[in-house]
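K.L.:
This is the structure, below, for whatever I ask next.
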Amino acid sequence: MPESPEVEALARFLADEASGREIRAVDVLEFRTVKTRNSPPAGIAGRTITGAARHGKHVELLLDEKSLVVSLGRHGWMRWLSADSAGGDAVLPAEAPPALATLDLSGDIALEVTDAGSWVSLGLFVVDRADEVPAIAKLGPDPADPAFTRAQFDTALGGRRKQIKAILQEQETLAGIGNAYSDEILHLARQSPVTHAAALGPEATDRLFEATVTTVREAIAARSGVPIDQLKAQKVAAMRVHGRSGEACPVCGDTILDLTFSGTSAQYCPTCQNGGVPL
Ligand SMILES: [Zn+2]
């Protein structure tokens with residue numbers, strides 16, 4: 001699932017490369033992606049892209065007086081095909097995800113919205129303002145935001161009797177974090193994924209706040225400028241515990257374990273995060 005560091009890099013790429021280009025045509029290949037029926041994506045043809053922005057895990061293409069918001073869902077992404085590569089399904093690897101919509105841009109660019117999932121979780125919204133998208137209106141504060149404060153973090157945790165791993169991923173509570181970065185945050189904070197927020201003492205809360213901000217901001221810095229077709233691979237390569245069960249913890253050398261609970265899974269180091277005791 002794309003999370004804030006990768007979506008931020010995608011938004012910055014689009015701001016740099018797509019700004020100033022006219023949208024010549026929009027071809028929606030999967031109609032279930034269209035979330036604004038009264039304002040369909042085809043209606044943005046003829047408009048010029050003026051910039052791009054990220055909201056949580058959503059990316060917004062700014063157009064003159066309108067916006068196209070792409071909710072990337074679980075497996076959504078974008079593909080940028082220039083004149084050299086366009087027309088060439090041949091140049092795409094066989095495992096390349098299918099395009100659900102294509103924006104034909106001036107300068108012989110095809111900007112494809114893709115989804116690698118087996119069901120459609122990606123959404124396209126044509127709106128006047130990004131916060132007309134309900135999920136964006138409800139977003140909590142973003143730890144990547146320089147204005148993000150410890151007070152906002154304390155409010156998010158709020159002494160709740162809910163596992164921290166789940167709270168970190170609630171978009172209405174904290175924007176942009178998903179399954180992978182929540183594992184990394186908890187490892188850096190030396191905190192068990194099943195601990196409830198209400199059980200955190202002041203020192204553990206300090207560590208969790210620092211780990212949340214550090215993890216998200218360092219990942220954004222590391223992913224900045226990486227070509228968008230390489231972001232997923234770079235994210236996977238940068239993970240210290242997420243997706244690495246059976247491998248050695250880079251901090252202490254203990255074996256990273258997998259934990260499945262409440263329909264989700266976490267990878268964690270028993271020594272770093274639970275006093276050496278497997279969960
Ligand atoms: Zn460890």
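Residues are referred to by chain and number: the chain letter is A, B, ... according to the order shown in the structure tokens, the number counts from 1 in that chain, and ligands are numbered separately from 1 in the order shown.
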Find the residues around Pro141 in chain A up to 7 Å (only C-alpha atoms counted), leave out those fewer than 4 positions away in its own chain, and share them as a PDB file with C-alpha atoms, in the first residue's frame.

P.N.:
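Generated file (part-v1.pdb):
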ATOM      1  CA  PHE A 148       2.854  18.725  13.555  1.00  0.00           C
ATOM      2  CA  THR A 173      -6.198  10.118  13.592  1.00  0.00           C
ATOM      3  CA  LEU A 174      -2.808  10.460  11.846  1.00  0.00           C
ATOM      4  CA  ALA A 175      -2.552  10.943   8.088  1.00  0.00           C
TER       5      ALA A 175
END

K.L.:
Where in range 6-85 of chain A does DSSP assign strand (DSSP E or B), given as a PyMOL selection string?

P.N.:
chain A and resi 22-28+34+48-55+58-63+66-71+76-81

K.L.:
Considering only C-alpha atoms and all ligand atoms, tabulate each residue of chain A that lies at most 6 Å from ligand 1 along with its nearest interatomic pair and the corresponding distance in Å to one decimal; arrange the rows by chain and ascending residue number and present them as a tab-separated table.

P.N.:
residue	atom	partner	partner_atom_place_in_ligand_line	distance
A:Cys249	CA	ligand 1	1 (Zn)	4.6
A:Val251	CA	ligand 1	1 (Zn)	4.9
A:Cys252	CA	ligand 1	1 (Zn)	4.1
A:Gly253	CA	ligand 1	1 (Zn)	5.9
A:Asp254	CA	ligand 1	1 (Zn)	5.4
A:Cys269	CA	ligand 1	1 (Zn)	4.7
A:Thr271	CA	ligand 1	1 (Zn)	5.1
A:Cys272	CA	ligand 1	1 (Zn)	4.1

K.L.:
Would you save the residues of that selection, restricted to N, CA and C atoms, as a PDB file, in the first residue's frame?

P.N.:
ATOM      1  N   CYS A 249      17.262  -9.004  13.058  1.00  0.00           N
ATOM      2  CA  CYS A 249      17.023  -7.602  13.398  1.00  0.00           C
ATOM      3  C   CYS A 249      18.321  -6.817  13.180  1.00  0.00           C
ATOM      4  N   VAL A 251      19.266  -4.199  14.507  1.00  0.00           N
ATOM      5  CA  VAL A 251      19.731  -3.567  15.745  1.00  0.00           C
ATOM      6  C   VAL A 251      20.370  -4.590  16.678  1.00  0.00           C
ATOM      7  N   CYS A 252      19.701  -5.725  16.911  1.00  0.00           N
ATOM      8  CA  CYS A 252      20.171  -6.656  17.953  1.00  0.00           C
ATOM      9  C   CYS A 252      20.486  -8.050  17.418  1.00  0.00           C
ATOM     10  N   GLY A 253      20.102  -8.357  16.197  1.00  0.00           N
ATOM     11  CA  GLY A 253      20.421  -9.659  15.616  1.00  0.00           C
ATOM     12  C   GLY A 253      19.412 -10.757  15.919  1.00  0.00           C
ATOM     13  N   ASP A 254      18.443 -10.501  16.790  1.00  0.00           N
ATOM     14  CA  ASP A 254      17.388 -11.491  17.057  1.00  0.00           C
ATOM     15  C   ASP A 254      16.578 -11.713  15.767  1.00  0.00           C
ATOM     16  N   CYS A 269      10.576  -7.258  16.308  1.00  0.00           N
ATOM     17  CA  CYS A 269      11.727  -7.925  16.924  1.00  0.00           C
ATOM     18  C   CYS A 269      11.377  -8.185  18.389  1.00  0.00           C
ATOM     19  N   THR A 271      13.229  -9.042  20.899  1.00  0.00           N
ATOM     20  CA  THR A 271      14.179  -8.459  21.847  1.00  0.00           C
ATOM     21  C   THR A 271      14.035  -6.943  21.943  1.00  0.00           C
ATOM     22  N   CYS A 272      13.984  -6.288  20.786  1.00  0.00           N
ATOM     23  CA  CYS A 272      13.883  -4.824  20.798  1.00  0.00           C
ATOM     24  C   CYS A 272      12.516  -4.344  21.305  1.00  0.00           C
TER      25      CYS A 272
END

K.L.:
What lies within 6 Å of range 112-128 of chain A using only C-alpha atoms, ignoring chain neighbours under 2 positions off, as an mmCIF file with N, CA and C atoms, in the first residue's frame?

P.N.:
data_model
loop_
_atom_site.group_PDB
_atom_site.id
_atom_site.type_symbol
_atom_site.label_atom_id
_atom_site.label_comp_id
_atom_site.auth_asym_id
_atom_site.auth_seq_id
_atom_site.Cartn_x
_atom_site.Cartn_y
_atom_site.Cartn_z
ATOM 1 N N THR A 33 -13.778 3.177 -10.971
ATOM 2 C CA THR A 33 -12.878 4.143 -10.320
ATOM 3 C C THR A 33 -13.511 5.529 -10.225
ATOM 4 N N VAL A 34 -14.560 5.789 -11.020
ATOM 5 C CA VAL A 34 -15.131 7.141 -11.081
ATOM 6 C C VAL A 34 -16.025 7.375 -9.871
ATOM 7 N N LYS A 35 -15.633 8.287 -8.976
ATOM 8 C CA LYS A 35 -16.369 8.520 -7.731
ATOM 9 C C LYS A 35 -17.236 9.768 -7.793
ATOM 10 N N THR A 36 -17.012 10.629 -8.778
ATOM 11 C CA THR A 36 -17.819 11.849 -8.907
ATOM 12 C C THR A 36 -18.584 11.757 -10.216
ATOM 13 N N SER A 39 -19.406 14.795 -12.200
ATOM 14 C CA SER A 39 -18.226 15.521 -12.661
ATOM 15 C C SER A 39 -17.190 14.492 -13.091
ATOM 16 N N LYS A 66 -10.024 23.435 -11.000
ATOM 17 C CA LYS A 66 -10.523 22.103 -10.623
ATOM 18 C C LYS A 66 -9.363 21.305 -10.076
ATOM 19 N N SER A 67 -9.684 20.150 -9.509
ATOM 20 C CA SER A 67 -8.650 19.217 -9.105
ATOM 21 C C SER A 67 -9.066 17.806 -9.461
ATOM 22 N N LEU A 68 -8.097 17.014 -9.846
ATOM 23 C CA LEU A 68 -8.312 15.570 -9.973
ATOM 24 C C LEU A 68 -7.609 14.926 -8.777
ATOM 25 N N VAL A 69 -8.402 14.330 -7.891
ATOM 26 C CA VAL A 69 -7.829 13.649 -6.734
ATOM 27 C C VAL A 69 -7.836 12.154 -7.014
ATOM 28 N N VAL A 70 -6.694 11.523 -6.789
ATOM 29 C CA VAL A 70 -6.594 10.077 -6.950
ATOM 30 C C VAL A 70 -6.391 9.467 -5.570
ATOM 31 N N SER A 71 -7.388 8.690 -5.154
ATOM 32 C CA SER A 71 -7.264 7.905 -3.933
ATOM 33 C C SER A 71 -6.633 6.579 -4.349
ATOM 34 N N LEU A 72 -5.388 6.352 -3.898
ATOM 35 C CA LEU A 72 -4.621 5.237 -4.461
ATOM 36 C C LEU A 72 -5.064 3.873 -3.947
ATOM 37 N N GLY A 73 -5.827 3.882 -2.845
ATOM 38 C CA GLY A 73 -6.334 2.603 -2.346
ATOM 39 C C GLY A 73 -5.203 1.680 -1.928
ATOM 40 N N HIS A 75 -3.504 -0.731 -3.814
ATOM 41 C CA HIS A 75 -2.430 -1.093 -4.744
ATOM 42 C C HIS A 75 -2.340 -0.129 -5.925
ATOM 43 N N GLY A 76 -2.873 1.081 -5.744
ATOM 44 C CA GLY A 76 -2.869 2.028 -6.853
ATOM 45 C C GLY A 76 -1.524 2.722 -7.018
ATOM 46 N N TRP A 77 -1.254 3.138 -8.253
ATOM 47 C CA TRP A 77 -0.025 3.901 -8.519
ATOM 48 C C TRP A 77 -0.182 4.618 -9.852
ATOM 49 N N MET A 78 0.867 5.267 -10.316
ATOM 50 C CA MET A 78 0.816 5.941 -11.617
ATOM 51 C C MET A 78 2.042 5.566 -12.440
ATOM 52 N N ARG A 79 1.847 5.661 -13.742
ATOM 53 C CA ARG A 79 2.934 5.332 -14.667
ATOM 54 C C ARG A 79 3.057 6.473 -15.666
ATOM 55 N N PRO A 97 1.296 -3.572 -13.632
ATOM 56 C CA PRO A 97 -0.140 -3.533 -13.333
ATOM 57 C C PRO A 97 -0.920 -2.853 -14.453
ATOM 58 N N PRO A 98 -2.196 -3.234 -14.630
ATOM 59 C CA PRO A 98 -2.992 -2.642 -15.708
ATOM 60 C C PRO A 98 -3.343 -1.184 -15.418
ATOM 61 N N ALA A 99 -3.500 -0.405 -16.493
ATOM 62 C CA ALA A 99 -3.956 0.978 -16.364
ATOM 63 C C ALA A 99 -5.473 0.983 -16.208
ATOM 64 N N LEU A 100 -5.982 1.755 -15.237
ATOM 65 C CA LEU A 100 -7.432 1.894 -15.064
ATOM 66 C C LEU A 100 -7.918 3.172 -15.723
ATOM 67 N N ALA A 101 -7.005 4.117 -15.915
ATOM 68 C CA ALA A 101 -7.329 5.363 -16.609
ATOM 69 C C ALA A 101 -6.039 5.919 -17.192
ATOM 70 N N THR A 102 -6.173 6.611 -18.304
ATOM 71 C CA THR A 102 -5.002 7.230 -18.934
ATOM 72 C C THR A 102 -5.289 8.694 -19.216
#

K.L.:
Can you check which residues of range 6-132 of chain A DSSP gives as alpha helix (DSSP H) on the backbone and send them as a list in words?

P.N.:
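Here are the alpha helix (DSSP H) residues of range 6-132 of chain A: Glu6, Val7, Glu8, Ala9, Leu10, Ala11, Arg12, Phe13, Leu14, Ala15, Asp16 and Glu17 of chain A.
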
K.L.:
So which residues touch Gly107 in chain A within 10 Å, counting only C-alpha atoms, skipping near sequence neighbours fewer than 5 positions away, as a ChimeraX atom specification?

P.N.:
/A:18,21-22,82-83

K.L.:
Can you build me a table of range 16-72 of chain A residues sitting at most 12 Å from range 177-189 of chain A, with the closest atom pair per residue and its distance in Å to one decimal, using only C-alpha atoms, sorted by chain and residue number, as JSON lines?

P.N.:
{"residue": "A:His55", "atom": "CA", "partner": "A:Ile177", "partner_atom": "CA", "distance": 11.6}
{"residue": "A:Gly56", "atom": "CA", "partner": "A:Ile177", "partner_atom": "CA", "distance": 7.9}
{"residue": "A:Lys57", "atom": "CA", "partner": "A:Ile177", "partner_atom": "CA", "distance": 8.0}
{"residue": "A:His58", "atom": "CA", "partner": "A:Ile177", "partner_atom": "CA", "distance": 11.8}

K.L.:
Can I get the selected residues back with C-alpha atoms, as a PDB file, in the first residue's frame?

P.N.:
ATOM      1  CA  HIS A  55      -3.142  14.659   1.263  1.00  0.00           C
ATOM      2  CA  GLY A  56      -2.440  11.632   3.451  1.00  0.00           C
ATOM      3  CA  LYS A  57      -2.205   8.789   0.953  1.00  0.00           C
ATOM      4  CA  HIS A  58      -4.095  10.699  -1.780  1.00  0.00           C
TER       5      HIS A  58
END

K.L.:
Find the distance between CA of Asp142 in chain A and CA of Gly176 in chain A and write it in Å to one decimal.

P.N.:
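These atoms are spaced 6.6 Å apart.
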
K.L.:
A:Ser192, A:Ser245, A:Ser262, A:Gln163: which is nearest Leu279 in chain A, counting only C-alpha atoms?

P.N.:
A:Ser192

K.L.:
Using only C-alpha atoms, which protein or nucleic acid residues come within 10 Å of Glu65 in chain A? Drop anything in the same chain fewer than 3 positions from it, and give the result as an MDAnalysis selection string.

P.N.:
chainID A and resid 47:48 50 62 127:129

K.L.:
Measure the distance from CA of Val7 in chain A to CA of Gln171 in chain A in Å and round it to one decimal.

P.N.:
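Between CA of Val7 in chain A and CA of Gln171 in chain A the gap is 14.3 Å.
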